[in-house]
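protein.pdb (PDB, C-alpha atoms, pLDDT in the B column) appears below.
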```pdb
MODEL        1
ATOM      1  CA  MET A 632     116.099  84.761  97.478  1.00 86.00           C
ATOM      2  CA  THR A 633     115.475  81.346  96.010  1.00 92.00           C
ATOM      3  CA  VAL A 634     111.948  79.920  95.976  1.00 95.00           C
ATOM      4  CA  LEU A 635     112.138  76.224  96.853  1.00 94.00           C
ATOM      5  CA  ALA A 636     108.424  75.365  96.756  1.00 94.00           C
ATOM      6  CA  THR A 637     105.040  77.012  96.462  1.00 96.00           C
ATOM      7  CA  PHE A 638     101.905  75.617  98.081  1.00 97.00           C
ATOM      8  CA  ALA A 639      98.330  76.532  97.231  1.00 97.00           C
ATOM      9  CA  ARG A 640      96.489  76.779 100.532  1.00 97.00           C
ATOM     10  CA  MET A 641      93.321  74.689 100.789  1.00 97.00           C
ATOM     11  CA  TYR A 642      91.044  75.183 103.775  1.00 97.00           C
ATOM     12  CA  VAL A 643      89.268  71.879 104.451  1.00 97.00           C
ATOM     13  CA  ASP A 644      86.656  70.775 106.971  1.00 96.00           C
ATOM     14  CA  ASP A 645      88.495  67.626 108.092  1.00 97.00           C
ATOM     15  CA  LEU A 646      92.097  66.773 107.256  1.00 97.00           C
ATOM     16  CA  ASP A 647      91.709  62.989 107.410  1.00 97.00           C
ATOM     17  CA  THR A 648      88.681  63.117 105.103  1.00 98.00           C
ATOM     18  CA  ALA A 649      90.424  65.448 102.636  1.00 98.00           C
ATOM     19  CA  LEU A 650      93.782  63.641 102.448  1.00 98.00           C
ATOM     20  CA  PRO A 651      92.646  60.716 100.230  1.00 98.00           C
ATOM     21  CA  VAL A 652      91.335  63.174  97.631  1.00 97.00           C
ATOM     22  CA  PHE A 653      94.655  65.035  97.519  1.00 98.00           C
ATOM     23  CA  ARG A 654      96.673  61.804  97.529  1.00 98.00           C
ATOM     24  CA  ALA A 655      94.712  60.685  94.456  1.00 98.00           C
ATOM     25  CA  LEU A 656      94.962  64.094  92.816  1.00 97.00           C
ATOM     26  CA  THR A 657      98.736  64.419  93.268  1.00 97.00           C
ATOM     27  CA  GLY A 658      99.819  60.785  93.394  1.00 97.00           C
ATOM     28  CA  GLU A 659     101.817  61.680  96.515  1.00 96.00           C
ATOM     29  CA  GLU A 660     101.718  61.004 100.228  1.00 95.00           C
ATOM     30  CA  PRO A 661     101.829  63.935 102.658  1.00 95.00           C
ATOM     31  CA  ARG A 662     105.407  65.176 102.995  1.00 92.00           C
ATOM     32  CA  LEU A 663     104.653  67.120 106.156  1.00 93.00           C
ATOM     33  CA  ARG A 664     101.892  66.850 108.725  1.00 95.00           C
ATOM     34  CA  PHE A 665     101.722  68.823 111.967  1.00 95.00           C
ATOM     35  CA  THR A 666      99.491  70.904 114.240  1.00 95.00           C
ATOM     36  CA  HIS A 667     100.115  74.563 115.062  1.00 93.00           C
ATOM     37  CA  ARG A 668      97.908  76.983 116.995  1.00 93.00           C
ATOM     38  CA  GLY A 669      94.900  74.680 116.788  1.00 96.00           C
ATOM     39  CA  ILE A 670      95.267  74.126 113.031  1.00 97.00           C
ATOM     40  CA  GLU A 671      96.086  70.748 111.472  1.00 98.00           C
ATOM     41  CA  LEU A 672      98.301  71.095 108.390  1.00 97.00           C
ATOM     42  CA  ALA A 673      99.528  68.673 105.736  1.00 97.00           C
ATOM     43  CA  ALA A 674     101.608  69.284 102.607  1.00 96.00           C
ATOM     44  CA  VAL A 675     100.624  67.026  99.710  1.00 96.00           C
ATOM     45  CA  GLY A 676     102.061  67.728  96.281  1.00 95.00           C
ATOM     46  CA  GLY A 677     101.664  71.442  95.639  1.00 95.00           C
ATOM     47  CA  PHE A 678      98.928  71.856  98.255  1.00 97.00           C
ATOM     48  CA  LEU A 679      98.988  72.871 101.903  1.00 97.00           C
ATOM     49  CA  LEU A 680      95.820  71.607 103.570  1.00 98.00           C
ATOM     50  CA  LEU A 681      94.607  73.449 106.674  1.00 98.00           C
ATOM     51  CA  ALA A 682      91.808  72.241 108.969  1.00 98.00           C
ATOM     52  CA  GLY A 683      90.569  73.565 112.261  1.00 97.00           C
ATOM     53  CA  ALA A 684      87.820  75.328 114.112  1.00 97.00           C
ATOM     54  CA  PRO A 685      86.602  78.550 112.501  1.00 97.00           C
ATOM     55  CA  GLU A 686      88.166  80.642 115.274  1.00 97.00           C
ATOM     56  CA  ALA A 687      91.572  78.975 114.775  1.00 97.00           C
ATOM     57  CA  LEU A 688      91.436  79.462 110.994  1.00 97.00           C
ATOM     58  CA  ALA A 689      90.117  83.043 111.070  1.00 96.00           C
ATOM     59  CA  PRO A 690      93.543  84.730 111.499  1.00 94.00           C
ATOM     60  CA  VAL A 691      95.071  82.840 108.526  1.00 96.00           C
ATOM     61  CA  ARG A 692      92.209  82.635 106.018  1.00 96.00           C
ATOM     62  CA  ALA A 693      93.294  85.754 104.126  1.00 96.00           C
ATOM     63  CA  THR A 694      96.644  84.113 103.308  1.00 97.00           C
ATOM     64  CA  GLN A 695      96.445  82.798  99.746  1.00 97.00           C
ATOM     65  CA  ALA A 696      99.684  80.830  99.338  1.00 97.00           C
ATOM     66  CA  THR A 697     102.716  79.549 101.212  1.00 98.00           C
ATOM     67  CA  VAL A 698     106.113  80.038  99.581  1.00 98.00           C
ATOM     68  CA  VAL A 699     109.166  78.187 100.909  1.00 97.00           C
ATOM     69  CA  VAL A 700     112.351  80.231 100.478  1.00 97.00           C
ATOM     70  CA  ASP A 701     115.994  79.673 101.305  1.00 95.00           C
ATOM     71  CA  ALA A 702     116.108  82.809 103.515  1.00 96.00           C
ATOM     72  CA  LEU A 703     113.599  85.310 104.908  1.00 97.00           C
ATOM     73  CA  GLY A 704     115.959  88.322 104.873  1.00 97.00           C
ATOM     74  CA  PRO A 705     115.640  88.958 101.130  1.00 97.00           C
ATOM     75  CA  VAL A 706     111.843  88.700 101.417  1.00 97.00           C
ATOM     76  CA  LEU A 707     111.862  91.509 103.972  1.00 97.00           C
ATOM     77  CA  ASP A 708     114.203  93.589 101.799  1.00 96.00           C
ATOM     78  CA  GLY A 709     111.990  93.126  98.732  1.00 96.00           C
ATOM     79  CA  ALA A 710     108.844  93.895 100.703  1.00 96.00           C
ATOM     80  CA  ALA A 711     110.362  97.160 101.924  1.00 96.00           C
ATOM     81  CA  ARG A 712     111.393  98.156  98.386  1.00 96.00           C
ATOM     82  CA  GLU A 713     107.940  97.488  96.933  1.00 96.00           C
ATOM     83  CA  GLY A 714     106.022  99.115  99.773  1.00 97.00           C
ATOM     84  CA  ALA A 715     104.443  95.886 100.985  1.00 98.00           C
ATOM     85  CA  GLU A 716     102.811  95.541 104.394  1.00 97.00           C
ATOM     86  CA  ILE A 717     104.308  93.018 106.819  1.00 97.00           C
ATOM     87  CA  LEU A 718     101.283  91.391 108.462  1.00 97.00           C
ATOM     88  CA  ALA A 719     103.328  89.023 110.654  1.00 96.00           C
ATOM     89  CA  GLN A 720     106.983  89.680 111.462  1.00 97.00           C
ATOM     90  CA  PRO A 721     109.444  86.764 111.271  1.00 98.00           C
ATOM     91  CA  ARG A 722     108.728  84.260 114.020  1.00 97.00           C
ATOM     92  CA  ASP A 723     109.471  80.674 114.952  1.00 97.00           C
ATOM     93  CA  VAL A 724     107.012  78.041 113.714  1.00 95.00           C
ATOM     94  CA  PRO A 725     107.138  74.215 113.893  1.00 94.00           C
ATOM     95  CA  THR A 726     108.821  74.024 110.451  1.00 95.00           C
ATOM     96  CA  GLY A 727     111.399  76.811 110.947  1.00 96.00           C
ATOM     97  CA  ARG A 728     110.585  80.531 110.633  1.00 98.00           C
ATOM     98  CA  ASN A 729     107.887  82.414 108.740  1.00 98.00           C
ATOM     99  CA  LEU A 730     106.464  85.833 107.979  1.00 97.00           C
ATOM    100  CA  VAL A 731     103.334  87.059 106.199  1.00 98.00           C
ATOM    101  CA  VAL A 732     103.290  89.854 103.613  1.00 98.00           C
ATOM    102  CA  ARG A 733     100.479  91.746 101.898  1.00 98.00           C
ATOM    103  CA  HIS A 734     101.967  92.799  98.571  1.00 97.00           C
ATOM    104  CA  PRO A 735     100.867  95.807  96.512  1.00 97.00           C
ATOM    105  CA  GLY A 736      97.767  94.674  94.650  1.00 96.00           C
ATOM    106  CA  GLY A 737      96.513  92.722  97.669  1.00 97.00           C
ATOM    107  CA  ALA A 738      98.130  89.258  97.462  1.00 97.00           C
ATOM    108  CA  VAL A 739      98.746  87.865 100.967  1.00 98.00           C
ATOM    109  CA  ILE A 740     101.580  85.340 101.060  1.00 98.00           C
ATOM    110  CA  GLU A 741     103.185  83.385 103.880  1.00 98.00           C
ATOM    111  CA  TYR A 742     106.941  82.927 103.389  1.00 98.00           C
ATOM    112  CA  VAL A 743     108.644  80.082 105.244  1.00 98.00           C
ATOM    113  CA  GLU A 744     112.311  79.296 105.750  1.00 97.00           C
ATOM    114  CA  PHE A 745     112.328  75.595 106.661  1.00 96.00           C
ATOM    115  CA  ASP A 746     114.712  74.260 109.284  1.00 95.00           C
ATOM    116  CA  ALA A 747     117.055  71.421 108.269  1.00 92.00           C
ATOM    117  CA  ALA A 748     114.779  68.618 109.523  1.00 92.00           C
ATOM    118  CA  THR A 749     111.762  70.001 107.655  1.00 93.00           C
ATOM    119  CA  ARG A 750     113.783  70.521 104.449  1.00 91.00           C
ATOM    120  CA  ALA A 751     114.828  66.884 104.613  1.00 89.00           C
ATOM    121  CA  ALA A 752     111.270  65.653 105.329  1.00 88.00           C
ATOM    122  CA  ALA A 753     109.927  67.757 102.437  1.00 88.00           C
ATOM    123  CA  GLY A 754     112.698  66.614 100.087  1.00 85.00           C
ATOM    124  CA  LEU A 755     114.031  70.148  99.584  1.00 82.00           C
ATOM    125  CA  ALA A 756     117.756  70.781  99.486  1.00 68.00           C
ATOM    126  CA  TYR A 757     119.792  73.961  99.233  1.00 59.00           C
TER     127      TYR A 757
ENDMDL
END
```
Once you've parsed the file, please lay out its structure as structure tokens.
Amino acid sequence: MTVLATFARMYVDDLDTALPVFRALTGEEPRLRFTHRGIELAAVGGFLLLAGAPEALAPVRATQATVVVDALGPVLDGAAREGAEILAQPRDVPTGRNLVVRHPGGAVIEYVEFDAATRAAAGLAY
């Protein structure tokens, strides 16, 4: 498995209000911006901003980071070897496919395998 990008997840009250702060902080424009399951998301620099109603955010708040990988299969293999808990099996999302893992020690990480269009929009090649 190759890690292509890692995003610190930031839960914000309003995406449009938060974006100027993260543009200034990173010196970058959002590479991705989309809505999924009632949550607005934007990737800016090394941050993934998430905004939405408390009930929309509740199922994802425990997730601490998003890691973009070249393939999800090796993530599943590694999780099985280390005794990790799969919180969300691989599924289609607007950017490709994802899964969520709780690793030994408690870290909860979303792994995403971007589709070709999202890789291009995010400037990631493999």
Polymer residues at most 9 Å from A:Pro735, all atoms listed in the file, same-chain spacing of 6 or more positions, as a VMD selection string: chain A and resid 713 to 716
A:Asp701 proximity check over A:Leu755, A:Val731, A:Leu646, A:Ala719, using only C-alpha atoms: winner is A:Leu755
Atom-to-atom span, atom CA of A:Arg668 and atom CA of A:Arg728, Å: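 Between these atoms lies a distance of 14.6 Å.
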Residue contacts of A:Leu663 (7 Å, only C-alpha atoms) excluding same-chain residues fewer than 5 positions away, as a list in words: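 Result of the neighbour search: Ala673, Ala674, Ala752 and Ala753 of chain A.
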Have a look at A:Gly709, A:Ala693, A:Pro721, A:Val700 and name the one nearest to A:Ile740; count only C-alpha atoms.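 The closest residue to A:Ile740 is A:Ala693.
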Listed atoms of stretch 678-689 of chain A, axis-aligned box, 6 Å per side: centre and edge lengths to one decimal in Å, as JSON?
```
{"center_x": 92.8, "center_y": 77.3, "center_z": 106.8, "size_x": 24.4, "size_y": 23.4, "size_z": 29.0}
```
With only C-alpha atoms as the counted atoms, please give the residues lying no more than 10 Å from A:Phe653, apart from itself and same-chain residues fewer than 5 positions off, as JSON, numbers by chain. {"A": [648, 658, 659, 660, 661, 674, 675, 676, 677, 678, 679, 680]}
Determine the residue membership of the PyMOL selection byres ((chain A and resi 632) around 12) for the file above and supply it as a PDB file with C-alpha atoms, keeping the file's coordinate frame.
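Output contents, as saved in selection.pdb:
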```pdb
ATOM      1  CA  THR A 633     115.475  81.346  96.010  1.00 92.00           C
ATOM      2  CA  VAL A 634     111.948  79.920  95.976  1.00 95.00           C
ATOM      3  CA  LEU A 635     112.138  76.224  96.853  1.00 94.00           C
ATOM      4  CA  VAL A 698     106.113  80.038  99.581  1.00 98.00           C
ATOM      5  CA  VAL A 699     109.166  78.187 100.909  1.00 97.00           C
ATOM      6  CA  VAL A 700     112.351  80.231 100.478  1.00 97.00           C
ATOM      7  CA  ASP A 701     115.994  79.673 101.305  1.00 95.00           C
ATOM      8  CA  ALA A 702     116.108  82.809 103.515  1.00 96.00           C
ATOM      9  CA  LEU A 703     113.599  85.310 104.908  1.00 97.00           C
ATOM     10  CA  GLY A 704     115.959  88.322 104.873  1.00 97.00           C
ATOM     11  CA  PRO A 705     115.640  88.958 101.130  1.00 97.00           C
ATOM     12  CA  VAL A 706     111.843  88.700 101.417  1.00 97.00           C
ATOM     13  CA  LEU A 707     111.862  91.509 103.972  1.00 97.00           C
ATOM     14  CA  ASP A 708     114.203  93.589 101.799  1.00 96.00           C
ATOM     15  CA  GLY A 709     111.990  93.126  98.732  1.00 96.00           C
ATOM     16  CA  TYR A 742     106.941  82.927 103.389  1.00 98.00           C
ATOM     17  CA  VAL A 743     108.644  80.082 105.244  1.00 98.00           C
ATOM     18  CA  GLU A 744     112.311  79.296 105.750  1.00 97.00           C
ATOM     19  CA  TYR A 757     119.792  73.961  99.233  1.00 59.00           C
TER      20      TYR A 757
END
```
Return as an MDAnalysis selection string the set of residues that the PyMOL selection byres ((chain A and resi 739) around 6) yields on the displayed structure. chainID A and resid 694:695 732:733 738 740
Output for the residues just chosen: C-alpha atoms as a PDB file, keeping the file's coordinate frame:
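Okay, this is what ended up in out_3.pdb:
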```
ATOM      1  CA  THR A 694      96.644  84.113 103.308  1.00 97.00           C
ATOM      2  CA  GLN A 695      96.445  82.798  99.746  1.00 97.00           C
ATOM      3  CA  VAL A 732     103.290  89.854 103.613  1.00 98.00           C
ATOM      4  CA  ARG A 733     100.479  91.746 101.898  1.00 98.00           C
ATOM      5  CA  ALA A 738      98.130  89.258  97.462  1.00 97.00           C
ATOM      6  CA  ILE A 740     101.580  85.340 101.060  1.00 98.00           C
TER       7      ILE A 740
END
```
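Reported to one decimal place, the separation of atom CA of A:Asp644 from atom CA of A:Glu741 is 21.0 Å.
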Nearest to A:Ala748, chosen from A:Arg640, A:Arg662, A:Arg712, A:Arg654, with all atoms listed in the file counted in the distances: A:Arg662
Non-local contacts of A:Gly669 (12 Å; only C-alpha atoms; under 6 positions in same chain excluded) as an NGL selection string: :A and (681-691)
Do you have the atom CA of A:Gly737-atom CA of A:Pro725 distance handy? 26.8 Å
Would you please work out which residue, of A:Val652, A:Ala636, A:Val643, A:Leu730, is nearest to A:Ala710 when using all atoms listed in the file?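 Nearest candidate to A:Ala710 out of A:Val652, A:Ala636, A:Val643, A:Leu730: A:Leu730.
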Please fill the gaps in stretch 724-757 of chain A so it has N, CA and C atoms, and write that as a PDB file, in the coordinates of the input.
```pdb
ATOM      1  N   VAL A 724     108.157  78.924 113.936  1.00 95.00           N
ATOM      2  CA  VAL A 724     107.012  78.041 113.714  1.00 95.00           C
ATOM      3  C   VAL A 724     107.537  76.607 113.746  1.00 95.00           C
ATOM      4  N   PRO A 725     106.660  75.599 113.790  1.00 94.00           N
ATOM      5  CA  PRO A 725     107.138  74.215 113.893  1.00 94.00           C
ATOM      6  C   PRO A 725     108.068  73.776 112.754  1.00 94.00           C
ATOM      7  N   THR A 726     108.006  74.432 111.597  1.00 95.00           N
ATOM      8  CA  THR A 726     108.821  74.024 110.451  1.00 95.00           C
ATOM      9  C   THR A 726     110.062  74.896 110.253  1.00 95.00           C
ATOM     10  N   GLY A 727     110.253  75.905 111.080  1.00 96.00           N
ATOM     11  CA  GLY A 727     111.399  76.811 110.947  1.00 96.00           C
ATOM     12  C   GLY A 727     111.015  78.216 111.357  1.00 96.00           C
ATOM     13  N   ARG A 728     111.001  79.148 110.378  1.00 98.00           N
ATOM     14  CA  ARG A 728     110.585  80.531 110.633  1.00 98.00           C
ATOM     15  C   ARG A 728     109.700  80.989 109.486  1.00 98.00           C
ATOM     16  N   ASN A 729     108.754  81.905 109.798  1.00 98.00           N
ATOM     17  CA  ASN A 729     107.887  82.414 108.740  1.00 98.00           C
ATOM     18  C   ASN A 729     107.622  83.895 108.924  1.00 98.00           C
ATOM     19  N   LEU A 730     107.000  84.486 107.916  1.00 97.00           N
ATOM     20  CA  LEU A 730     106.464  85.833 107.979  1.00 97.00           C
ATOM     21  C   LEU A 730     105.346  85.906 106.961  1.00 97.00           C
ATOM     22  N   VAL A 731     104.465  86.907 107.114  1.00 98.00           N
ATOM     23  CA  VAL A 731     103.334  87.059 106.199  1.00 98.00           C
ATOM     24  C   VAL A 731     103.358  88.472 105.643  1.00 98.00           C
ATOM     25  N   VAL A 732     103.196  88.577 104.316  1.00 98.00           N
ATOM     26  CA  VAL A 732     103.290  89.854 103.613  1.00 98.00           C
ATOM     27  C   VAL A 732     102.039  90.088 102.771  1.00 98.00           C
ATOM     28  N   ARG A 733     101.511  91.322 102.849  1.00 98.00           N
ATOM     29  CA  ARG A 733     100.479  91.746 101.898  1.00 98.00           C
ATOM     30  C   ARG A 733     101.195  92.611 100.870  1.00 98.00           C
ATOM     31  N   HIS A 734     101.259  92.106  99.644  1.00 97.00           N
ATOM     32  CA  HIS A 734     101.967  92.799  98.571  1.00 97.00           C
ATOM     33  C   HIS A 734     101.073  93.857  97.928  1.00 97.00           C
ATOM     34  N   PRO A 735     101.677  94.859  97.270  1.00 97.00           N
ATOM     35  CA  PRO A 735     100.867  95.807  96.512  1.00 97.00           C
ATOM     36  C   PRO A 735      99.971  95.027  95.543  1.00 97.00           C
ATOM     37  N   GLY A 736      98.739  95.411  95.459  1.00 96.00           N
ATOM     38  CA  GLY A 736      97.767  94.674  94.650  1.00 96.00           C
ATOM     39  C   GLY A 736      96.921  93.748  95.489  1.00 96.00           C
ATOM     40  N   GLY A 737      97.337  93.466  96.735  1.00 97.00           N
ATOM     41  CA  GLY A 737      96.513  92.722  97.669  1.00 97.00           C
ATOM     42  C   GLY A 737      96.857  91.276  97.938  1.00 97.00           C
ATOM     43  N   ALA A 738      97.794  90.666  97.210  1.00 97.00           N
ATOM     44  CA  ALA A 738      98.130  89.258  97.462  1.00 97.00           C
ATOM     45  C   ALA A 738      98.747  89.110  98.853  1.00 97.00           C
ATOM     46  N   VAL A 739      98.227  88.155  99.631  1.00 98.00           N
ATOM     47  CA  VAL A 739      98.746  87.865 100.967  1.00 98.00           C
ATOM     48  C   VAL A 739      99.453  86.518 100.903  1.00 98.00           C
ATOM     49  N   ILE A 740     100.749  86.537 101.195  1.00 98.00           N
ATOM     50  CA  ILE A 740     101.580  85.340 101.060  1.00 98.00           C
ATOM     51  C   ILE A 740     102.351  85.094 102.350  1.00 98.00           C
ATOM     52  N   GLU A 741     102.341  83.823 102.780  1.00 98.00           N
ATOM     53  CA  GLU A 741     103.185  83.385 103.880  1.00 98.00           C
ATOM     54  C   GLU A 741     104.500  82.903 103.272  1.00 98.00           C
ATOM     55  N   TYR A 742     105.612  83.388 103.796  1.00 98.00           N
ATOM     56  CA  TYR A 742     106.941  82.927 103.389  1.00 98.00           C
ATOM     57  C   TYR A 742     107.521  82.119 104.542  1.00 98.00           C
ATOM     58  N   VAL A 743     108.090  80.961 104.222  1.00 98.00           N
ATOM     59  CA  VAL A 743     108.644  80.082 105.244  1.00 98.00           C
ATOM     60  C   VAL A 743     110.073  79.711 104.880  1.00 98.00           C
ATOM     61  N   GLU A 744     110.944  79.810 105.859  1.00 97.00           N
ATOM     62  CA  GLU A 744     112.311  79.296 105.750  1.00 97.00           C
ATOM     63  C   GLU A 744     112.353  78.033 106.600  1.00 97.00           C
ATOM     64  N   PHE A 745     112.343  76.865 105.943  1.00 96.00           N
ATOM     65  CA  PHE A 745     112.328  75.595 106.661  1.00 96.00           C
ATOM     66  C   PHE A 745     113.624  75.383 107.427  1.00 96.00           C
ATOM     67  N   ASP A 746     113.517  74.707 108.583  1.00 95.00           N
ATOM     68  CA  ASP A 746     114.712  74.260 109.284  1.00 95.00           C
ATOM     69  C   ASP A 746     115.234  73.000 108.573  1.00 95.00           C
ATOM     70  N   ALA A 747     116.401  72.544 108.963  1.00 92.00           N
ATOM     71  CA  ALA A 747     117.055  71.421 108.269  1.00 92.00           C
ATOM     72  C   ALA A 747     116.202  70.155 108.293  1.00 92.00           C
ATOM     73  N   ALA A 748     115.592  69.853 109.417  1.00 92.00           N
ATOM     74  CA  ALA A 748     114.779  68.618 109.523  1.00 92.00           C
ATOM     75  C   ALA A 748     113.570  68.697 108.593  1.00 92.00           C
ATOM     76  N   THR A 749     112.933  69.851 108.524  1.00 93.00           N
ATOM     77  CA  THR A 749     111.762  70.001 107.655  1.00 93.00           C
ATOM     78  C   THR A 749     112.160  69.966 106.190  1.00 93.00           C
ATOM     79  N   ARG A 750     113.290  70.594 105.845  1.00 91.00           N
ATOM     80  CA  ARG A 750     113.783  70.521 104.449  1.00 91.00           C
ATOM     81  C   ARG A 750     113.986  69.067 104.050  1.00 91.00           C
ATOM     82  N   ALA A 751     114.585  68.295 104.927  1.00 89.00           N
ATOM     83  CA  ALA A 751     114.828  66.884 104.613  1.00 89.00           C
ATOM     84  C   ALA A 751     113.504  66.116 104.474  1.00 89.00           C
ATOM     85  N   ALA A 752     112.559  66.347 105.383  1.00 88.00           N
ATOM     86  CA  ALA A 752     111.270  65.653 105.329  1.00 88.00           C
ATOM     87  C   ALA A 752     110.505  66.020 104.066  1.00 88.00           C
ATOM     88  N   ALA A 753     110.644  67.285 103.639  1.00 88.00           N
ATOM     89  CA  ALA A 753     109.927  67.757 102.437  1.00 88.00           C
ATOM     90  C   ALA A 753     110.690  67.441 101.158  1.00 88.00           C
ATOM     91  N   GLY A 754     111.908  66.923 101.278  1.00 85.00           N
ATOM     92  CA  GLY A 754     112.698  66.614 100.087  1.00 85.00           C
ATOM     93  C   GLY A 754     113.247  67.840  99.391  1.00 85.00           C
ATOM     94  N   LEU A 755     113.488  68.914 100.143  1.00 82.00           N
ATOM     95  CA  LEU A 755     114.031  70.148  99.584  1.00 82.00           C
ATOM     96  C   LEU A 755     115.467  70.340 100.050  1.00 82.00           C
ATOM     97  N   ALA A 756     116.350  70.569  99.130  1.00 68.00           N
ATOM     98  CA  ALA A 756     117.756  70.781  99.486  1.00 68.00           C
ATOM     99  C   ALA A 756     118.234  72.109  98.940  1.00 68.00           C
ATOM    100  N   TYR A 757     119.099  72.761  99.691  1.00 59.00           N
ATOM    101  CA  TYR A 757     119.792  73.961  99.233  1.00 59.00           C
ATOM    102  C   TYR A 757     121.022  74.191 100.035  1.00 59.00           C
TER     103      TYR A 757
END
```
